[in-house]
>>> print(open('data-v4.cif').read())   # mmCIF, C-alpha atoms
data_run
#
loop_
_atom_site.group_PDB
_atom_site.id
_atom_site.type_symbol
_atom_site.label_atom_id
_atom_site.label_comp_id
_atom_site.auth_asym_id
_atom_site.auth_seq_id
_atom_site.Cartn_x
_atom_site.Cartn_y
_atom_site.Cartn_z
ATOM 1 C CA MET A 1 -66.327 86.978 28.716
ATOM 2 C CA ASN A 2 -66.603 88.601 25.293
ATOM 3 C CA ALA A 3 -66.133 86.997 21.869
ATOM 4 C CA THR A 4 -62.579 88.371 21.464
ATOM 5 C CA THR A 5 -61.399 86.688 24.680
ATOM 6 C CA LEU A 6 -62.988 83.376 23.661
ATOM 7 C CA THR A 7 -61.322 83.573 20.249
ATOM 8 C CA GLN A 8 -57.887 84.121 21.847
ATOM 9 C CA ALA A 9 -58.364 81.347 24.443
ATOM 10 C CA ALA A 10 -59.376 78.652 21.966
ATOM 11 C CA PRO A 11 -55.942 78.251 20.246
ATOM 12 C CA ALA A 12 -54.191 78.178 23.626
ATOM 13 C CA ALA A 13 -56.518 75.420 24.859
ATOM 14 C CA ARG A 14 -55.922 73.430 21.686
ATOM 15 C CA ARG A 15 -52.150 73.808 22.130
ATOM 16 C CA ASP A 16 -52.377 72.656 25.753
ATOM 17 C CA GLU A 17 -54.445 69.635 24.694
ATOM 18 C CA THR A 18 -51.920 68.795 21.969
ATOM 19 C CA VAL A 19 -49.027 69.023 24.439
ATOM 20 C CA ALA A 20 -50.927 66.856 26.942
ATOM 21 C CA ARG A 21 -51.591 64.174 24.304
ATOM 22 C CA ALA A 22 -47.930 64.220 23.277
ATOM 23 C CA LEU A 23 -46.836 63.794 26.906
ATOM 24 C CA ARG A 24 -49.274 60.908 27.382
ATOM 25 C CA ARG A 25 -47.964 59.198 24.266
ATOM 26 C CA ARG A 26 -44.392 59.700 25.460
ATOM 27 C CA ARG A 27 -45.167 58.272 28.910
ATOM 28 C CA LYS A 28 -46.902 55.250 27.372
ATOM 29 C CA LEU A 29 -43.950 54.710 25.030
ATOM 30 C CA VAL A 30 -41.417 54.908 27.862
ATOM 31 C CA ASN A 31 -43.579 52.660 30.034
ATOM 32 C CA SER A 32 -43.868 50.069 27.259
ATOM 33 C CA LEU A 33 -40.121 50.204 26.617
ATOM 34 C CA VAL A 34 -39.204 49.761 30.295
ATOM 35 C CA LYS A 35 -41.781 46.999 30.719
ATOM 36 C CA SER A 36 -40.418 45.183 27.664
ATOM 37 C CA LEU A 37 -36.857 45.450 29.016
ATOM 38 C CA CYS A 38 -37.977 44.087 32.397
ATOM 39 C CA VAL A 39 -39.770 41.165 30.759
ATOM 40 C CA LEU A 40 -36.717 40.484 28.584
ATOM 41 C CA ALA A 41 -34.402 40.550 31.601
ATOM 42 C CA THR A 42 -36.739 38.184 33.463
ATOM 43 C CA ILE A 43 -36.805 35.769 30.543
ATOM 44 C CA ILE A 44 -33.007 35.847 30.260
ATOM 45 C CA GLY A 45 -32.651 35.178 33.987
ATOM 46 C CA LEU A 46 -35.115 32.288 33.880
ATOM 47 C CA VAL A 47 -33.427 30.790 30.825
ATOM 48 C CA LEU A 48 -30.010 30.975 32.477
ATOM 49 C CA LEU A 49 -31.364 29.469 35.699
ATOM 50 C CA ALA A 50 -33.143 26.714 33.781
ATOM 51 C CA SER A 51 -29.983 25.961 31.791
ATOM 52 C CA ILE A 52 -27.947 25.675 35.006
ATOM 53 C CA LEU A 53 -30.491 23.347 36.594
ATOM 54 C CA PHE A 54 -30.764 21.298 33.407
ATOM 55 C CA THR A 55 -26.976 20.939 33.215
ATOM 56 C CA LEU A 56 -26.773 19.880 36.855
ATOM 57 C CA LEU A 57 -29.543 17.318 36.389
ATOM 58 C CA TRP A 58 -28.103 16.029 33.131
ATOM 59 C CA ARG A 59 -24.539 15.663 34.408
ATOM 60 C CA GLY A 60 -25.336 14.830 38.035
ATOM 61 C CA LEU A 61 -28.186 12.328 37.884
ATOM 62 C CA GLY A 62 -26.045 9.898 35.907
ATOM 63 C CA GLY A 63 -23.711 9.409 38.877
ATOM 64 C CA LEU A 64 -26.318 9.571 41.631
ATOM 65 C CA SER A 65 -26.633 6.290 43.499
ATOM 66 C CA VAL A 66 -26.816 4.850 47.004
ATOM 67 C CA ARG A 67 -23.026 4.515 46.947
ATOM 68 C CA VAL A 68 -22.686 8.306 46.966
ATOM 69 C CA PHE A 69 -24.366 8.469 50.393
ATOM 70 C CA THR A 70 -22.799 5.362 51.944
ATOM 71 C CA THR A 71 -19.160 5.416 50.779
ATOM 72 C CA MET A 72 -16.389 7.826 51.668
ATOM 73 C CA THR A 73 -14.202 9.620 49.162
ATOM 74 C CA LEU A 74 -11.689 7.118 47.758
ATOM 75 C CA PRO A 75 -8.795 7.176 45.260
ATOM 76 C CA PRO A 76 -9.674 7.289 41.533
ATOM 77 C CA GLY A 77 -11.209 4.103 40.162
ATOM 78 C CA SER A 78 -12.243 2.817 43.604
ATOM 79 C CA ASN A 79 -15.978 3.559 43.290
ATOM 80 C CA GLY A 80 -15.875 6.086 46.078
ATOM 81 C CA GLY A 81 -18.714 8.233 47.331
ATOM 82 C CA LEU A 82 -19.270 11.528 49.131
ATOM 83 C CA LEU A 83 -20.388 10.436 52.592
ATOM 84 C CA ASN A 84 -17.675 12.208 54.579
ATOM 85 C CA ALA A 85 -17.994 15.344 52.423
ATOM 86 C CA ILE A 86 -21.789 15.449 52.882
ATOM 87 C CA VAL A 87 -21.536 15.002 56.650
ATOM 88 C CA GLY A 88 -18.761 17.587 56.889
ATOM 89 C CA THR A 89 -20.798 20.132 54.944
ATOM 90 C CA LEU A 90 -23.872 19.550 57.106
ATOM 91 C CA ILE A 91 -21.874 19.930 60.312
ATOM 92 C CA GLN A 92 -19.966 23.040 59.281
ATOM 93 C CA THR A 93 -22.987 24.740 57.702
ATOM 94 C CA ALA A 94 -25.184 24.020 60.719
ATOM 95 C CA ILE A 95 -22.640 25.183 63.296
ATOM 96 C CA GLY A 96 -21.659 28.224 61.240
ATOM 97 C CA THR A 97 -25.321 29.207 60.955
ATOM 98 C CA LEU A 98 -25.952 28.615 64.666
ATOM 99 C CA ILE A 99 -22.988 30.826 65.576
ATOM 100 C CA GLY A 100 -23.582 33.603 63.068
ATOM 101 C CA THR A 101 -27.380 33.925 63.196
ATOM 102 C CA PRO A 102 -27.796 35.027 66.860
ATOM 103 C CA ILE A 103 -24.945 37.521 66.515
ATOM 104 C CA GLY A 104 -26.374 38.959 63.294
ATOM 105 C CA LEU A 105 -29.882 39.052 64.772
ATOM 106 C CA LEU A 106 -28.760 40.942 67.867
ATOM 107 C CA VAL A 107 -26.629 43.401 65.872
ATOM 108 C CA GLY A 108 -29.464 44.035 63.404
ATOM 109 C CA THR A 109 -31.884 44.576 66.287
ATOM 110 C CA TYR A 110 -29.498 47.035 67.923
ATOM 111 C CA LEU A 111 -29.135 49.023 64.702
ATOM 112 C CA ALA A 112 -32.890 49.133 64.049
ATOM 113 C CA GLU A 113 -34.273 49.624 67.557
ATOM 114 C CA TYR A 114 -31.682 51.095 69.904
ATOM 115 C CA SER A 115 -29.116 53.212 68.057
ATOM 116 C CA GLN A 116 -30.906 55.440 65.588
ATOM 117 C CA GLY A 117 -28.520 58.129 64.356
ATOM 118 C CA SER A 118 -25.668 57.365 66.773
ATOM 119 C CA MET A 119 -22.030 57.352 65.743
ATOM 120 C CA ILE A 120 -21.479 53.753 66.817
ATOM 121 C CA SER A 121 -24.419 52.557 64.713
ATOM 122 C CA ASN A 122 -22.908 54.193 61.627
ATOM 123 C CA VAL A 123 -19.582 52.494 62.307
ATOM 124 C CA VAL A 124 -21.205 49.089 62.893
ATOM 125 C CA ARG A 125 -23.352 49.430 59.776
ATOM 126 C CA PHE A 126 -20.318 50.412 57.700
ATOM 127 C CA VAL A 127 -18.278 47.442 58.952
ATOM 128 C CA SER A 128 -21.221 45.120 58.294
ATOM 129 C CA ASP A 129 -21.591 46.395 54.736
ATOM 130 C CA VAL A 130 -17.852 45.937 54.152
ATOM 131 C CA LEU A 131 -18.063 42.336 55.380
ATOM 132 C CA LEU A 132 -21.117 41.757 53.211
ATOM 133 C CA SER A 133 -19.225 42.704 50.070
ATOM 134 C CA ALA A 134 -15.819 41.327 51.037
ATOM 135 C CA PRO A 135 -14.497 38.351 49.028
ATOM 136 C CA SER A 136 -14.911 35.154 51.000
ATOM 137 C CA ILE A 137 -11.259 34.252 50.509
ATOM 138 C CA LEU A 138 -10.327 37.232 52.695
ATOM 139 C CA ILE A 139 -12.508 35.818 55.462
ATOM 140 C CA GLY A 140 -10.674 32.531 55.096
ATOM 141 C CA LEU A 141 -7.301 34.265 55.383
ATOM 142 C CA PHE A 142 -8.513 36.191 58.438
ATOM 143 C CA ILE A 143 -9.618 33.014 60.233
ATOM 144 C CA TYR A 144 -6.400 31.315 59.129
ATOM 145 C CA GLN A 145 -4.357 33.972 60.941
ATOM 146 C CA LEU A 146 -6.708 34.120 63.914
ATOM 147 C CA VAL A 147 -7.426 30.416 64.505
ATOM 148 C CA VAL A 148 -5.506 28.019 62.241
ATOM 149 C CA GLU A 149 -1.988 29.241 62.989
ATOM 150 C CA PRO A 150 -2.473 29.519 66.792
ATOM 151 C CA MET A 151 -4.048 26.041 66.866
ATOM 152 C CA GLY A 152 -1.187 24.634 64.810
ATOM 153 C CA GLY A 153 -3.262 23.155 61.986
ATOM 154 C CA PHE A 154 -6.456 23.125 59.978
ATOM 155 C CA SER A 155 -9.671 22.164 61.747
ATOM 156 C CA GLY A 156 -13.417 21.972 61.469
ATOM 157 C CA ILE A 157 -13.649 24.654 64.160
ATOM 158 C CA ALA A 158 -11.862 27.131 61.924
ATOM 159 C CA GLY A 159 -14.162 26.243 59.019
ATOM 160 C CA CYS A 160 -17.262 26.839 61.136
ATOM 161 C CA LEU A 161 -15.949 30.200 62.322
ATOM 162 C CA ALA A 162 -15.190 31.287 58.753
ATOM 163 C CA LEU A 163 -18.723 30.392 57.656
ATOM 164 C CA ALA A 164 -20.163 32.156 60.722
ATOM 165 C CA VAL A 165 -18.377 35.381 59.745
ATOM 166 C CA LEU A 166 -20.020 35.126 56.310
ATOM 167 C CA VAL A 167 -23.442 34.615 57.899
ATOM 168 C CA ILE A 168 -23.321 37.604 60.247
ATOM 169 C CA PRO A 169 -23.493 40.566 57.791
ATOM 170 C CA ILE A 170 -26.302 38.965 55.765
ATOM 171 C CA VAL A 171 -28.450 38.447 58.863
ATOM 172 C CA VAL A 172 -27.564 41.925 60.159
ATOM 173 C CA ARG A 173 -28.719 43.621 56.968
ATOM 174 C CA THR A 174 -31.953 41.647 56.571
ATOM 175 C CA THR A 175 -32.869 41.947 60.265
ATOM 176 C CA GLU A 176 -32.362 45.700 60.275
ATOM 177 C CA ASP A 177 -34.315 46.196 57.058
ATOM 178 C CA MET A 178 -37.210 43.968 58.156
ATOM 179 C CA LEU A 179 -37.508 45.657 61.560
ATOM 180 C CA HIS A 180 -37.592 49.062 59.863
ATOM 181 C CA LEU A 181 -40.619 47.854 57.891
ATOM 182 C CA VAL A 182 -42.615 47.109 61.045
ATOM 183 C CA PRO A 183 -45.211 49.917 61.434
ATOM 184 C CA LEU A 184 -44.499 52.395 64.205
ATOM 185 C CA THR A 185 -48.118 52.127 65.344
ATOM 186 C CA LEU A 186 -47.519 48.537 66.503
ATOM 187 C CA ARG A 187 -44.706 49.705 68.759
ATOM 188 C CA GLU A 188 -46.746 52.651 70.050
ATOM 189 C CA ALA A 189 -49.711 50.413 70.850
ATOM 190 C CA ALA A 190 -47.539 48.017 72.865
ATOM 191 C CA VAL A 191 -45.786 50.850 74.689
ATOM 192 C CA GLY A 192 -49.158 52.427 75.424
ATOM 193 C CA LEU A 193 -50.196 49.201 77.167
ATOM 194 C CA GLY A 194 -47.117 49.429 79.388
ATOM 195 C CA ALA A 195 -44.850 46.896 77.662
ATOM 196 C CA PRO A 196 -41.093 47.516 78.071
ATOM 197 C CA LYS A 197 -38.879 48.030 75.070
ATOM 198 C CA TRP A 198 -37.423 44.520 75.063
ATOM 199 C CA LYS A 199 -40.883 42.938 75.077
ATOM 200 C CA VAL A 200 -42.014 45.175 72.235
ATOM 201 C CA THR A 201 -39.013 44.057 70.232
ATOM 202 C CA THR A 202 -39.208 40.331 70.948
ATOM 203 C CA LEU A 203 -42.982 39.811 71.053
ATOM 204 C CA ILE A 204 -44.175 42.374 68.506
ATOM 205 C CA CYS A 205 -41.399 43.362 66.108
ATOM 206 C CA TYR A 206 -39.826 39.927 65.744
ATOM 207 C CA ARG A 207 -43.174 38.308 65.011
ATOM 208 C CA ALA A 208 -44.081 40.940 62.450
ATOM 209 C CA ALA A 209 -40.697 40.640 60.728
ATOM 210 C CA LEU A 210 -40.323 36.857 61.088
ATOM 211 C CA ASN A 211 -40.724 35.997 57.412
ATOM 212 C CA GLY A 212 -38.112 38.513 56.328
ATOM 213 C CA ILE A 213 -35.632 37.489 59.028
ATOM 214 C CA VAL A 214 -35.987 33.806 58.138
ATOM 215 C CA THR A 215 -35.464 34.719 54.483
ATOM 216 C CA GLY A 216 -32.209 36.419 55.432
ATOM 217 C CA VAL A 217 -31.051 33.349 57.341
ATOM 218 C CA LEU A 218 -31.893 31.148 54.349
ATOM 219 C CA LEU A 219 -29.905 33.463 52.079
ATOM 220 C CA ALA A 220 -26.968 33.104 54.444
ATOM 221 C CA VAL A 221 -27.295 29.309 54.447
ATOM 222 C CA ALA A 222 -27.480 29.282 50.651
ATOM 223 C CA ARG A 223 -24.275 31.306 50.463
ATOM 224 C CA ILE A 224 -22.153 29.393 52.948
ATOM 225 C CA ALA A 225 -23.333 25.971 51.723
ATOM 226 C CA GLY A 226 -21.411 26.462 48.493
ATOM 227 C CA GLU A 227 -18.394 28.400 49.764
ATOM 228 C CA THR A 228 -15.036 26.885 48.876
ATOM 229 C CA ALA A 229 -12.357 29.564 49.314
ATOM 230 C CA PRO A 230 -12.673 30.113 53.101
ATOM 231 C CA LEU A 231 -12.715 26.358 53.760
ATOM 232 C CA LEU A 232 -9.494 25.853 51.814
ATOM 233 C CA PHE A 233 -7.730 28.018 54.416
ATOM 234 C CA THR A 234 -9.551 26.662 57.471
ATOM 235 C CA SER A 235 -10.950 23.120 57.430
ATOM 236 C CA LEU A 236 -8.908 22.218 54.296
ATOM 237 C CA GLY A 237 -10.692 18.945 53.546
ATOM 238 C CA ASN A 238 -10.196 15.317 54.474
ATOM 239 C CA LEU A 239 -10.360 12.196 52.315
ATOM 240 C CA ASN A 240 -11.005 10.068 55.400
ATOM 241 C CA TRP A 241 -13.988 9.892 57.718
ATOM 242 C CA SER A 242 -13.672 12.463 60.503
ATOM 243 C CA VAL A 243 -16.169 14.333 62.667
ATOM 244 C CA ASP A 244 -13.507 15.600 65.060
ATOM 245 C CA MET A 245 -13.795 19.381 64.979
ATOM 246 C CA ARG A 246 -10.135 19.729 65.956
ATOM 247 C CA LYS A 247 -8.949 18.029 62.761
ATOM 248 C CA PRO A 248 -9.307 18.814 59.053
ATOM 249 C CA MET A 249 -12.840 18.099 57.879
ATOM 250 C CA ALA A 250 -14.207 17.249 54.467
ATOM 251 C CA SER A 251 -16.864 19.356 52.735
ATOM 252 C CA LEU A 252 -18.747 19.172 49.466
ATOM 253 C CA PRO A 253 -17.512 22.505 48.029
ATOM 254 C CA VAL A 254 -13.852 21.612 48.606
ATOM 255 C CA THR A 255 -14.389 18.104 47.252
ATOM 256 C CA ILE A 256 -16.094 19.519 44.158
ATOM 257 C CA TYR A 257 -13.179 21.912 43.676
ATOM 258 C CA GLN A 258 -10.662 19.081 43.940
ATOM 259 C CA TYR A 259 -12.590 16.594 41.816
ATOM 260 C CA ALA A 260 -13.800 18.911 39.046
ATOM 261 C CA GLY A 261 -10.263 19.751 37.964
ATOM 262 C CA SER A 262 -8.968 16.181 38.067
ATOM 263 C CA ALA A 263 -8.159 14.008 35.066
ATOM 264 C CA PHE A 264 -10.258 11.073 36.307
ATOM 265 C CA ASP A 265 -13.758 10.604 34.930
ATOM 266 C CA ASP A 266 -15.199 9.096 38.110
ATOM 267 C CA TRP A 267 -14.015 12.056 40.189
ATOM 268 C CA VAL A 268 -15.435 14.532 37.671
ATOM 269 C CA GLN A 269 -18.743 12.666 37.818
ATOM 270 C CA LEU A 270 -18.747 12.868 41.608
ATOM 271 C CA ALA A 271 -18.081 16.606 41.353
ATOM 272 C CA TRP A 272 -21.271 17.007 39.296
ATOM 273 C CA VAL A 273 -23.170 14.876 41.794
ATOM 274 C CA GLY A 274 -21.897 17.030 44.666
ATOM 275 C CA ALA A 275 -22.965 20.220 42.890
ATOM 276 C CA LEU A 276 -26.406 18.728 42.320
ATOM 277 C CA LEU A 277 -26.698 17.733 45.992
ATOM 278 C CA ILE A 278 -25.829 21.241 47.202
ATOM 279 C CA THR A 279 -28.341 22.831 44.825
ATOM 280 C CA VAL A 280 -31.133 20.424 45.734
ATOM 281 C CA GLY A 281 -30.338 20.745 49.434
ATOM 282 C CA VAL A 282 -30.518 24.546 49.438
ATOM 283 C CA LEU A 283 -33.719 24.441 47.380
ATOM 284 C CA ALA A 284 -35.282 21.913 49.757
ATOM 285 C CA VAL A 285 -34.412 24.034 52.813
ATOM 286 C CA ASN A 286 -36.035 27.088 51.225
ATOM 287 C CA ILE A 287 -39.199 25.202 50.259
ATOM 288 C CA ILE A 288 -39.585 23.589 53.695
ATOM 289 C CA ALA A 289 -39.067 26.916 55.464
ATOM 290 C CA ARG A 290 -41.671 28.598 53.246
ATOM 291 C CA ILE A 291 -44.192 25.852 53.954
ATOM 292 C CA VAL A 292 -43.613 26.049 57.712
ATOM 293 C CA LEU A 293 -43.891 29.846 57.777
ATOM 294 C CA ARG A 294 -47.052 29.750 55.681
ATOM 295 C CA ALA A 295 -48.577 27.212 58.063
ATOM 296 C CA ARG A 296 -47.758 29.480 61.033
ATOM 297 C CA THR A 297 -49.528 32.433 59.451
#
>>> encode(input="data-v4.cif", output="structure tokens")
Amino acid sequence: MNATTLTQAAPAARRDETVARALRRRRKLVNSLVKSLCVLATIIGLVLLASILFTLLWRGLGGLSVRVFTTMTLPPGSNGGLLNAIVGTLIQTAIGTLIGTPIGLLVGTYLAEYSQGSMISNVVRFVSDVLLSAPSILIGLFIYQLVVEPMGGFSGIAGCLALAVLVIPIVVRTTEDMLHLVPLTLREAAVGLGAPKWKVTTLICYRAALNGIVTGVLLAVARIAGETAPLLFTSLGNLNWSVDMRKPMASLPVTIYQYAGSAFDDWVQLAWVGALLITVGVLAVNIIARIVLRART
């Protein structure tokens, strides 16, 4: 290479270096800006969450007492509690979860393991996504037409079915996504050893995706535990003690809805206590599940 060629190449190299430095500065600037926005969004979310929890503790702890857990809902000024509403919520949430979880698990497994690319899987996935985003009041109206009117009245059964319908699409989506994350090599190794498809799914894939599936179930429980609209059209609520699934059944969300808008201070206080109990209950379920899963692994 002669001197003339070197002289011509030097300015081009300097220009390339200048452009590279400018691009690096731009990338660092964009990275810093996006990182700052993410940190700001996180701080805002934490502040809002902390403010909600603080408000619940501040307004709810003042009315929390043994009476809340031992006395039924009573007329204003009668020092009533939330016993029947707590029991009704536990029953309906538990039964709704027990009905919806196996159905969602099986549908999610079918979509992830047995129907790749088929027309029916696309239809099922579309319907599941529609249910996932549908307002809960529509689910309540659906169960009202399907169960409440034929049975001739509101009932705990209808409330459980409405909550189960809300559980199904959440479990379907999380199960399918978690099974897709299981490495293909695990399946191939099991098949290579002669294991049938159903054993690969239940003994290999389910175990590998257990944490994610349980997280989906907990998300479903957290959603249905505070649902009010579907229960207004199904189980309705009951001011008296009742565990008969064929009759209207009390629940904390409906009781909170009724009490929070009342003109009586003791009912408003009980509404705050009920909101605190739901929040603490969902948080406790999540913490216990995390501890159990961590112990298993």
>>> resolve_selection(input="data-v4.cif", expression="the PyMOL selection byres ((chain A and resi 259-274) around 12)", output="PyMOL selection string")
chain A and resi 52-69+71-86+89+225-226+239+251-258+275-281
>>> resolve_selection(input="data-v4.cif", expression="the PyMOL selection byres ((chain A and resi 133-142) around 12)", output="number ranges by chain")
A: 126-132, 143-149, 154, 158-170, 173, 223-224, 226-236
>>> axis_aligned_box(input="data-v4.cif", around="stretch 162-166 of chain A", padding_each_side="6 Å", output="lines of an AutoDock Vina configuration file")
center_x = -17.7
center_y = 32.9
center_z = 58.5
size_x = 17.0
size_y = 17.0
size_z = 16.4
>>> atom_distance(input="data-v4.cif", atom1="atom CA of A:Met249", atom2="atom CA of A:Gly156")
5.3 Å
>>> atom_distance(input="data-v4.cif", atom1="atom CA of A:Val172", atom2="atom CA of A:Thr202")
16.0 Å
>>> atom_distance(input="data-v4.cif", atom1="atom CA of A:Ala222", atom2="atom CA of A:Asn122")
27.6 Å
>>> resolve_selection(input="data-v4.cif", expression="the PyMOL selection byres ((chain A and resi 201) around 12)", output="PyMOL selection string")
chain A and resi 105-106+108-110+112-114+175+179-180+182+184+186-188+190-191+195-200+202-210
>>> closest_residue(input="data-v4.cif", among="A:Leu98, A:Leu193, A:Val171, A:Ala250", to="A:Gly212", atoms="all atoms listed in the file")
A:Val171
>>> decode(input="data-v4.cif", residues="stretch 168-182 of chain A", atoms="C-alpha atoms", output="PDB file, in the first residue's frame")
ATOM      1  CA  ILE A 168     -60.845 -21.490  33.430  1.00  0.00           C
ATOM      2  CA  PRO A 169     -59.308 -19.029  30.897  1.00  0.00           C
ATOM      3  CA  ILE A 170     -56.625 -17.882  33.356  1.00  0.00           C
ATOM      4  CA  VAL A 171     -55.501 -21.453  34.033  1.00  0.00           C
ATOM      5  CA  VAL A 172     -55.713 -22.310  30.321  1.00  0.00           C
ATOM      6  CA  ARG A 173     -53.419 -19.455  29.331  1.00  0.00           C
ATOM      7  CA  THR A 174     -50.829 -20.007  32.070  1.00  0.00           C
ATOM      8  CA  THR A 175     -50.779 -23.795  31.589  1.00  0.00           C
ATOM      9  CA  GLU A 176     -50.256 -23.498  27.850  1.00  0.00           C
ATOM     10  CA  ASP A 177     -47.530 -20.881  28.215  1.00  0.00           C
ATOM     11  CA  MET A 178     -45.683 -22.798  30.947  1.00  0.00           C
ATOM     12  CA  LEU A 179     -45.771 -26.080  29.009  1.00  0.00           C
ATOM     13  CA  HIS A 180     -44.380 -24.307  25.943  1.00  0.00           C
ATOM     14  CA  LEU A 181     -41.402 -23.251  28.071  1.00  0.00           C
ATOM     15  CA  VAL A 182     -40.493 -26.848  28.923  1.00  0.00           C
TER      16      VAL A 182
END
